[in-house]
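What follows is a single structure, written as structure tokens, with notes after it.
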Amino acid sequence: MTETSWTAPTATGPIHGTVRLPGSKSMTARALVLAAASVDASTLRRPLSARDTDLMAAALRGLGAQVTVEDELWTIRPRPPRGPAHIDVGLAGTIMRFLPPFAALADGDITFDGDPYARRRPLKPLLDALRSLGVKVTGDGLPLTVHGTGRVRGGEVTIDASLSSQFVSGLLLAATDFDEGVVVRHVGPPVPSAPHLKMTIQMLRDAGAGVDDSVPNVWRVEPGKLAGRAWNIEPDLSNAAPFLAAALVTGGEVKVLDWPRSTTQPGDQLRILLGQMGGSWTLDTDGLTFRGTGNLRGIDADLSQVGELTPVIAALCALADSPSHLRGIGHIRNHETDRLAALARELSKVGAQVDETEDGLAITPGKPSGAVFETYDDHRLAHAAAVIGLRVEGIELTDVSCTSKTMPEFPQLWTGLLKGQNS
Ligand SMILES: O=C(O)C1=C[C@@H](OP(=O)(O)O)[C@@H](O)[C@H](O)C1
Ligand SMILES: C=C(OP(=O)(O)O)C(=O)O
């Protein structure tokens, strides 16, 4: 990927516009894995085509599935997974955590590696869990090899998933094909990202799996066969964050089309969180309309359930008229970069006073000024920088191409939205 520096456009007035966002990364990843684990073909309507999900599709092809793409309809024709194969995870947590359990069902060695920073993202709790379910794995992080034998015993396993909910999701998504299914028991500090776990359970049930989540921190998936189905992928609501923020910061009005009435996506909580910062919204049949006044209040919020929303919310806090405290997000040090350190450094450069706490950020807005904003290969750091740029001239992103991880069209969508402003 070629790095592309980019000067974030500044708003000259309230932004008014409508955006149609690409499909949810998290739903697309889950639907692809479930489709590959099914007996019959599945389709995905309006999935996300971006680096994370294109690499997921490529990985599943490498394991034997046929994935064909026709406009906004993907068709997956599954085959029993087979090795040897090599999987490039890029920087995607979803691939590095969802595919080792599925790859264990292949007959043959499956090697995994990814971007340099992907090698620093935690995997050991998941790999140890696989080992105790009877899988032979070499390595405690990337690069690693899963030595598949064509079957996985499965059964009961204890894991500390406090570093990432994706460890649990990965085990559950493959477990219908384990001889004994799986019972995953979490022991340790709380698992973050509860909505993402709900999404895993909901989508497994939609695919026909038997799942019991009635006991807190214990998840059971029964062994069985998945039939394949048609998935409708919702727009990515976490990627709505910068667009809703644009309405909030400029006192404008932005509509996100096809916002679902009910969803497991964590991004749905943007309505509440950005509402607390001064916005208001209406949800109707064709989407969510979000309005701002241009005045932003600071917030004290526990973001443990919605950690991936932190970068844009932190950017808003830096532009607010009072201090903020974002808590419960120690685990986002393990995201695409150490997001707490990166946000503290970059938001300080543009004038805020930002202190890293053990599990979050304390942000006191200051006099904003332009700066070179490092994006650390992190799509959501780029979104955060764009939001600051709405108010502050001279915000130069070191690289905007990192947005291709989940929304390659971000620069165009953003520039297009800014055309709709009343100056
Ligand atoms: O399962 C998923 O699709 C995700 C789970 C979350 O991971 P963590 O629990 O590691 O934060 C989230 O931050 C990530 O963007 C996507
Ligand atoms: C944490 C994120 O991604 P990943 O799925 O790579 O963990 C994210 O998209 O904010």
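Following the order of the structure tokens, chains are lettered A, B, ..., residues in each are numbered from 1, and ligands are numbered from 1.
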Report as CSV the residues of chain A within 10 Å of ligand 1, each with its shortest atom pair and distance in Å (one decimal), using only C-alpha atoms and all ligand atoms, ordered by chain and increasing residue number.
residue,atom,partner,partner_atom_place_in_ligand_line,distance
A:Ser24,CA,ligand 1,3 (O),8.9
A:Lys25,CA,ligand 1,3 (O),6.8
A:Ser26,CA,ligand 1,3 (O),3.8
A:Met27,CA,ligand 1,3 (O),7.1
A:Thr28,CA,ligand 1,3 (O),8.9
A:Ala29,CA,ligand 1,3 (O),7.2
A:Arg30,CA,ligand 1,3 (O),7.6
A:Ala92,CA,ligand 1,15 (O),8.6
A:Gly93,CA,ligand 1,14 (C),6.8
A:Thr94,CA,ligand 1,3 (O),5.8
A:Ile95,CA,ligand 1,3 (O),9.5
A:Arg97,CA,ligand 1,1 (O),8.7
A:Phe98,CA,ligand 1,1 (O),8.5
A:Arg121,CA,ligand 1,10 (O),9.5
A:Pro122,CA,ligand 1,10 (O),9.3
A:Ala161,CA,ligand 1,9 (O),8.4
A:Ser162,CA,ligand 1,9 (O),8.1
A:Leu163,CA,ligand 1,10 (O),6.4
A:Ser164,CA,ligand 1,10 (O),3.6
A:Ser165,CA,ligand 1,9 (O),3.7
A:Gln166,CA,ligand 1,1 (O),4.8
A:Phe167,CA,ligand 1,10 (O),8.0
A:Val168,CA,ligand 1,1 (O),8.9
A:Ser169,CA,ligand 1,1 (O),6.4
A:Gly170,CA,ligand 1,1 (O),8.3
A:Val191,CA,ligand 1,9 (O),7.3
A:Pro192,CA,ligand 1,9 (O),5.2
A:Ser193,CA,ligand 1,9 (O),4.8
A:Ala194,CA,ligand 1,9 (O),7.9
A:Pro195,CA,ligand 1,5 (C),8.4
A:His196,CA,ligand 1,1 (O),5.0
A:Leu197,CA,ligand 1,1 (O),6.8
A:Lys198,CA,ligand 1,1 (O),9.6
A:Met199,CA,ligand 1,1 (O),8.0
A:Thr200,CA,ligand 1,1 (O),7.5
A:Ser238,CA,ligand 1,15 (O),8.6
A:Gln265,CA,ligand 1,3 (O),9.1
A:Pro266,CA,ligand 1,12 (C),8.7
A:Ser304,CA,ligand 1,11 (O),8.3
A:Gln305,CA,ligand 1,11 (O),8.1
A:Val306,CA,ligand 1,13 (O),7.0
A:Gly307,CA,ligand 1,13 (O),5.6
A:Glu308,CA,ligand 1,13 (O),4.5
A:Leu309,CA,ligand 1,13 (O),8.2
A:Thr310,CA,ligand 1,13 (O),9.6
A:Ile329,CA,ligand 1,11 (O),8.6
A:Gly330,CA,ligand 1,11 (O),9.8
A:His331,CA,ligand 1,11 (O),6.6
A:Ile332,CA,ligand 1,11 (O),6.2
A:Arg333,CA,ligand 1,11 (O),9.5
A:Asn334,CA,ligand 1,10 (O),7.2
A:His335,CA,ligand 1,10 (O),6.6
A:Glu336,CA,ligand 1,15 (O),9.0
A:Arg380,CA,ligand 1,15 (O),9.9
A:Thr406,CA,ligand 1,15 (O),9.9
I need the residues from that last selection saved to file as a PDB file, in the first residue's frame (with C-alpha atoms), if you can.
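Contents of the output file result_7.pdb:
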ATOM      1  CA  SER A  24     -20.287  -3.501   8.371  1.00  0.00           C
ATOM      2  CA  LYS A  25     -16.794  -4.943   8.693  1.00  0.00           C
ATOM      3  CA  SER A  26     -17.762  -7.050  11.684  1.00  0.00           C
ATOM      4  CA  MET A  27     -20.906  -8.483  10.082  1.00  0.00           C
ATOM      5  CA  THR A  28     -19.164  -9.158   6.771  1.00  0.00           C
ATOM      6  CA  ALA A  29     -16.325 -11.016   8.523  1.00  0.00           C
ATOM      7  CA  ARG A  30     -18.730 -13.167  10.540  1.00  0.00           C
ATOM      8  CA  ALA A  92      -7.220  -7.342  10.823  1.00  0.00           C
ATOM      9  CA  GLY A  93      -8.084  -8.562  14.314  1.00  0.00           C
ATOM     10  CA  THR A  94     -11.079 -10.331  12.806  1.00  0.00           C
ATOM     11  CA  ILE A  95      -8.871 -12.479  10.559  1.00  0.00           C
ATOM     12  CA  ARG A  97      -8.676 -14.198  15.748  1.00  0.00           C
ATOM     13  CA  PHE A  98     -11.526 -15.730  13.689  1.00  0.00           C
ATOM     14  CA  ARG A 121      -1.377  -7.805  18.622  1.00  0.00           C
ATOM     15  CA  PRO A 122      -2.225 -10.436  21.286  1.00  0.00           C
ATOM     16  CA  ALA A 161     -10.570 -12.750  26.973  1.00  0.00           C
ATOM     17  CA  SER A 162     -10.085  -9.395  28.691  1.00  0.00           C
ATOM     18  CA  LEU A 163      -7.643  -8.285  25.975  1.00  0.00           C
ATOM     19  CA  SER A 164     -10.121  -8.891  23.142  1.00  0.00           C
ATOM     20  CA  SER A 165     -13.663 -10.159  22.707  1.00  0.00           C
ATOM     21  CA  GLN A 166     -12.483 -11.539  19.357  1.00  0.00           C
ATOM     22  CA  PHE A 167     -10.862 -14.523  21.116  1.00  0.00           C
ATOM     23  CA  VAL A 168     -14.311 -15.713  22.188  1.00  0.00           C
ATOM     24  CA  SER A 169     -15.965 -14.867  18.862  1.00  0.00           C
ATOM     25  CA  GLY A 170     -13.314 -16.825  16.953  1.00  0.00           C
ATOM     26  CA  VAL A 191     -14.444  -9.018  28.381  1.00  0.00           C
ATOM     27  CA  PRO A 192     -14.724  -5.783  26.335  1.00  0.00           C
ATOM     28  CA  SER A 193     -17.004  -5.150  23.365  1.00  0.00           C
ATOM     29  CA  ALA A 194     -20.170  -6.921  24.556  1.00  0.00           C
ATOM     30  CA  PRO A 195     -22.156  -5.859  21.431  1.00  0.00           C
ATOM     31  CA  HIS A 196     -19.652  -7.690  19.243  1.00  0.00           C
ATOM     32  CA  LEU A 197     -20.183 -10.863  21.257  1.00  0.00           C
ATOM     33  CA  LYS A 198     -23.944 -10.415  20.903  1.00  0.00           C
ATOM     34  CA  MET A 199     -23.403 -10.064  17.168  1.00  0.00           C
ATOM     35  CA  THR A 200     -21.496 -13.367  17.102  1.00  0.00           C
ATOM     36  CA  SER A 238     -18.851   2.498  13.641  1.00  0.00           C
ATOM     37  CA  GLN A 265     -23.556  -3.093  16.119  1.00  0.00           C
ATOM     38  CA  PRO A 266     -21.775  -1.013  18.765  1.00  0.00           C
ATOM     39  CA  SER A 304     -15.521  -0.477  27.315  1.00  0.00           C
ATOM     40  CA  GLN A 305     -18.391  -1.865  25.226  1.00  0.00           C
ATOM     41  CA  VAL A 306     -17.667   0.351  22.249  1.00  0.00           C
ATOM     42  CA  GLY A 307     -13.881   0.739  22.294  1.00  0.00           C
ATOM     43  CA  GLU A 308     -13.608   1.119  18.527  1.00  0.00           C
ATOM     44  CA  LEU A 309     -15.558   4.398  18.740  1.00  0.00           C
ATOM     45  CA  THR A 310     -12.872   5.988  20.939  1.00  0.00           C
ATOM     46  CA  ILE A 329     -10.624   1.197  27.300  1.00  0.00           C
ATOM     47  CA  GLY A 330      -7.255  -0.168  28.403  1.00  0.00           C
ATOM     48  CA  HIS A 331      -7.694  -2.929  25.819  1.00  0.00           C
ATOM     49  CA  ILE A 332      -7.544  -0.495  22.871  1.00  0.00           C
ATOM     50  CA  ARG A 333      -3.789  -0.344  23.425  1.00  0.00           C
ATOM     51  CA  ASN A 334      -3.999  -3.630  21.454  1.00  0.00           C
ATOM     52  CA  HIS A 335      -5.953  -2.321  18.477  1.00  0.00           C
ATOM     53  CA  GLU A 336      -4.394  -1.249  15.139  1.00  0.00           C
ATOM     54  CA  ARG A 380      -9.856   5.404  12.989  1.00  0.00           C
ATOM     55  CA  THR A 406     -12.594  -0.641   6.404  1.00  0.00           C
TER      56      THR A 406
END
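The residue set within 10 Å of Leu296 (chain A), counting only C-alpha atoms and dropping same-chain residues fewer than 5 places from it, reads Leu248, Val249, Thr250, Gly251, Leu274, Gly275, Gln276, Met277, Gly278, Gly279, Leu316, Cys317, Ala318, Leu319, Ala320, Asp321 and Ser322 of chain A.
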Name the residues in contact with Ala301 (chain A) at a cut-off of 8 Å, using only C-alpha atoms, excluding same-chain residues fewer than 6 positions from it; report them as a CSV table (one decimal) with N, CA and C atoms, in the first residue's frame.
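Listing of result_11.csv after writing:
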chain,number,residue,atom,x,y,z
A,325,HIS,N,-13.6,12.7,30.3
A,325,HIS,CA,-12.8,11.5,30.8
A,325,HIS,C,-13.4,10.3,30.1
A,326,LEU,N,-12.6,9.6,29.3
A,326,LEU,CA,-13.0,8.3,28.6
A,326,LEU,C,-12.4,7.2,29.4
A,327,ARG,N,-13.2,6.2,29.8
A,327,ARG,CA,-12.7,5.2,30.7
A,327,ARG,C,-13.0,3.8,30.1
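Residues in contact with Thr2 (chain A) at 12 Å, where only C-alpha atoms are counted and same-chain residues fewer than 3 positions away are skipped, are listed as A:Ser5, A:Asp377, A:Thr398, A:Asp399, A:Val400, A:Ser401, A:Cys402, A:Ser404.
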Residues near Thr375 (chain A), cut-off 12 Å, only C-alpha atoms, skip fewer than 5 positions along chain, as a PyMOL selection string: chain A and resi 3-6+311+336-339+341-343+345-347+380-386+395-403
Store the residues picked out above, limited to N, CA and C atoms, as a tab-separated table (two decimals), in the first residue's frame.
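Below is the file that was written, out-v9.tsv:
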chain	number	residue	atom	x	y	z
A	3	GLU	N	1.62	5.00	0.95
A	3	GLU	CA	1.13	5.99	1.92
A	3	GLU	C	0.78	7.28	1.19
A	4	THR	N	-0.33	7.89	1.57
A	4	THR	CA	-0.76	9.11	0.93
A	4	THR	C	-1.03	10.16	1.99
A	5	SER	N	-0.23	11.24	1.96
A	5	SER	CA	-0.51	12.30	2.93
A	5	SER	C	-1.74	13.08	2.45
A	6	TRP	N	-2.40	13.77	3.33
A	6	TRP	CA	-3.69	14.36	3.00
A	6	TRP	C	-3.95	15.53	3.96
A	311	PRO	N	-11.48	6.74	19.01
A	311	PRO	CA	-10.71	7.80	18.36
A	311	PRO	C	-11.55	9.01	17.95
A	336	GLU	N	-5.28	-1.40	16.30
A	336	GLU	CA	-4.39	-1.25	15.14
A	336	GLU	C	-3.06	-0.63	15.53
A	337	THR	N	-3.10	0.18	16.61
A	337	THR	CA	-1.90	0.73	17.23
A	337	THR	C	-2.25	0.86	18.70
A	338	ASP	N	-1.32	1.33	19.53
A	338	ASP	CA	-1.70	1.64	20.91
A	338	ASP	C	-2.52	2.94	20.84
A	339	ARG	N	-3.84	2.77	20.79
A	339	ARG	CA	-4.69	3.94	20.52
A	339	ARG	C	-4.66	4.97	21.65
A	341	ALA	N	-2.01	5.78	23.55
A	341	ALA	CA	-0.76	6.54	23.37
A	341	ALA	C	-0.85	7.42	22.13
A	342	ALA	N	-1.39	6.86	21.05
A	342	ALA	CA	-1.44	7.60	19.78
A	342	ALA	C	-2.36	8.83	19.90
A	343	LEU	N	-3.52	8.62	20.53
A	343	LEU	CA	-4.45	9.74	20.67
A	343	LEU	C	-3.87	10.80	21.59
A	345	ARG	N	-0.78	11.53	22.07
A	345	ARG	CA	0.29	12.25	21.37
A	345	ARG	C	-0.28	13.20	20.32
A	346	GLU	N	-1.16	12.70	19.49
A	346	GLU	CA	-1.63	13.50	18.34
A	346	GLU	C	-2.58	14.61	18.77
A	347	LEU	N	-3.47	14.33	19.74
A	347	LEU	CA	-4.40	15.38	20.16
A	347	LEU	C	-3.66	16.47	20.95
A	380	ARG	N	-9.05	4.54	12.11
A	380	ARG	CA	-9.86	5.40	12.99
A	380	ARG	C	-9.07	6.61	13.51
A	381	LEU	N	-7.74	6.54	13.50
A	381	LEU	CA	-6.94	7.73	13.80
A	381	LEU	C	-7.10	8.73	12.65
A	382	ALA	N	-7.20	8.21	11.43
A	382	ALA	CA	-7.41	9.10	10.27
A	382	ALA	C	-8.77	9.78	10.38
A	383	HIS	N	-9.80	9.02	10.80
A	383	HIS	CA	-11.13	9.63	10.96
A	383	HIS	C	-11.07	10.73	12.03
A	384	ALA	N	-10.35	10.45	13.12
A	384	ALA	CA	-10.25	11.43	14.21
A	384	ALA	C	-9.58	12.71	13.70
A	385	ALA	N	-8.52	12.55	12.91
A	385	ALA	CA	-7.81	13.72	12.39
A	385	ALA	C	-8.72	14.54	11.47
A	386	ALA	N	-9.53	13.83	10.66
A	386	ALA	CA	-10.43	14.55	9.75
A	386	ALA	C	-11.44	15.39	10.54
A	395	ILE	N	-4.43	20.63	9.30
A	395	ILE	CA	-4.26	19.28	9.86
A	395	ILE	C	-3.81	18.37	8.71
A	396	GLU	N	-2.56	17.98	8.78
A	396	GLU	CA	-1.97	17.16	7.70
A	396	GLU	C	-1.83	15.73	8.17
A	397	LEU	N	-2.62	14.84	7.58
A	397	LEU	CA	-2.51	13.42	7.94
A	397	LEU	C	-1.29	12.82	7.25
A	398	THR	N	-0.49	12.07	8.00
A	398	THR	CA	0.69	11.47	7.36
A	398	THR	C	0.26	10.47	6.29
A	399	ASP	N	-0.90	9.82	6.51
A	399	ASP	CA	-1.34	8.80	5.56
A	399	ASP	C	-2.86	8.62	5.67
A	400	VAL	N	-3.56	8.87	4.58
A	400	VAL	CA	-5.01	8.66	4.60
A	400	VAL	C	-5.37	7.29	3.99
A	401	SER	N	-4.38	6.64	3.32
A	401	SER	CA	-4.70	5.37	2.66
A	401	SER	C	-5.00	4.27	3.67
A	402	CYS	N	-4.65	4.49	4.95
A	402	CYS	CA	-4.95	3.48	5.98
A	402	CYS	C	-6.46	3.32	6.17
A	403	THR	N	-7.25	4.29	5.68
A	403	THR	CA	-8.71	4.15	5.79
A	403	THR	C	-9.21	2.99	4.92
Neighbour list for region 282-292 of chain A as a PyMOL selection string, cut-off 9 Å, only C-alpha atoms, skip fewer than 2 positions in-chain: chain A and resi 14+18+244-261+271+275+278-280+294-296
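Compared by their closest atoms to ligand 2, and using only C-alpha atoms and all ligand atoms, the residues A:Ile388, A:Leu237, A:Leu63, A:Val182 rank with A:Leu237 nearest.
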Within 7 Å of region 41-54 of chain A using only C-alpha atoms, minus same-chain residues under 6 positions, as a VMD selection string: chain A and resid 22 to 25 28 to 29 35 72 to 78 92 228 to 233 404 to 408
Separation of CA of Gly64 (chain A) from CA of Asp107 (chain A), in Å and rounded to one decimal: 11.1 Å
Check the DSSP output for the backbone and give back, as a short mmCIF file (atom, residue, chain, number, x, y, z; two decimals) with C-alpha atoms, in the first residue's frame, the residues of region 338-392 of chain A in helix (DSSP H, G or I).
data_model
loop_
_atom_site.label_atom_id
_atom_site.label_comp_id
_atom_site.auth_asym_id
_atom_site.auth_seq_id
_atom_site.Cartn_x
_atom_site.Cartn_y
_atom_site.Cartn_z
CA ARG A 339 -4.69 3.94 20.52
CA LEU A 340 -4.39 5.54 23.97
CA ALA A 341 -0.76 6.54 23.37
CA ALA A 342 -1.44 7.60 19.78
CA LEU A 343 -4.45 9.74 20.67
CA ALA A 344 -2.64 11.33 23.60
CA ARG A 345 0.29 12.25 21.37
CA GLU A 346 -1.63 13.50 18.34
CA LEU A 347 -4.40 15.38 20.16
CA SER A 348 -1.75 17.11 22.30
CA LYS A 349 -0.06 18.25 19.09
CA HIS A 379 -8.12 3.97 9.92
CA ARG A 380 -9.86 5.40 12.99
CA LEU A 381 -6.94 7.73 13.80
CA ALA A 382 -7.41 9.10 10.27
CA HIS A 383 -11.13 9.63 10.96
CA ALA A 384 -10.25 11.43 14.21
CA ALA A 385 -7.81 13.72 12.39
CA ALA A 386 -10.43 14.55 9.75
CA VAL A 387 -12.87 15.58 12.49
CA ILE A 388 -10.28 17.93 14.06
CA GLY A 389 -9.60 19.32 10.59
CA LEU A 390 -13.20 20.48 10.28
CA ARG A 391 -12.40 23.26 12.77
#
DSSP strand (DSSP E) residues within region 198-348 of chain A, listed as JSON, numbers by chain: {"A": [211, 212, 218, 219, 220, 221, 230, 231, 232, 253, 254, 255, 256, 257, 280, 281, 282, 283, 284, 287, 288, 289, 290, 291, 300, 301, 302, 324, 325, 326, 327]}
Would you save the residues from that selection as a compact mmCIF listing (two decimals), in the first residue's frame, using C-alpha atoms?
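Contents of the output file part02.txt:
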# COMPACT_ATOMS: atom_id res chain seq x y z
CA VAL A 211 -25.98 -21.33 21.23
CA ASP A 212 -26.47 -20.94 24.97
CA VAL A 218 -19.95 -18.77 29.55
CA TRP A 219 -20.89 -19.54 25.96
CA ARG A 220 -21.88 -22.96 24.61
CA VAL A 221 -22.14 -23.86 20.91
CA ALA A 230 -28.75 -15.19 2.52
CA TRP A 231 -27.16 -12.46 4.67
CA ASN A 232 -28.12 -8.80 4.42
CA GLU A 253 -27.33 17.98 9.79
CA VAL A 254 -26.12 14.66 8.38
CA LYS A 255 -28.26 11.73 7.36
CA VAL A 256 -26.83 8.19 7.31
CA LEU A 257 -28.98 6.07 5.02
CA SER A 280 -29.96 15.31 18.58
CA TRP A 281 -31.29 12.73 16.16
CA THR A 282 -34.31 11.26 14.43
CA LEU A 283 -34.49 7.70 13.20
CA ASP A 284 -36.93 7.05 10.38
CA GLY A 287 -32.04 6.43 7.97
CA LEU A 288 -30.68 8.37 10.92
CA THR A 289 -30.59 12.14 10.80
CA PHE A 290 -28.13 13.65 13.24
CA ARG A 291 -28.05 17.36 14.11
CA ASP A 300 -17.41 11.28 31.23
CA ALA A 301 -18.04 7.94 29.58
CA ASP A 302 -17.21 4.27 30.00
CA SER A 324 -13.76 14.81 29.27
CA HIS A 325 -12.83 11.50 30.77
CA LEU A 326 -13.00 8.34 28.63
CA ARG A 327 -12.75 5.16 30.70
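Counting only C-alpha atoms, the residue from A:Phe243, A:Asp378, A:Arg119, A:Asp140 that sits nearest to Leu418 (chain A) is A:Phe243.
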Given only C-alpha atoms and all ligand atoms as the counted atoms, nearest of A:Ile87, A:Leu273, A:Leu60, A:Val312 to ligand 2: A:Val312
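Among the candidates A:Gly17, A:Gly83, A:Pro235, A:Pro101, the residue lying nearest to Val33 (chain A) is A:Pro101 (atoms considered: only C-alpha atoms).
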Closest of A:Gly210, A:Val137, A:Leu55, A:Asn239 to ligand 2 - atom-to-atom distances counting only C-alpha atoms and all ligand atoms: A:Asn239
Å distance separating CA of Ile15 (chain A) from CA of Gly420 (chain A), one decimal place: 5.8 Å
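Using only C-alpha atoms and all ligand atoms, the shortest contact distance between ligand 2 and any of A:Ile313, A:Met96, A:Val350, A:Val67 is found at A:Met96.
The interatomic distance for the pair CA of Leu91 (chain A) and CA of Ala65 (chain A) works out to 22.1 Å.
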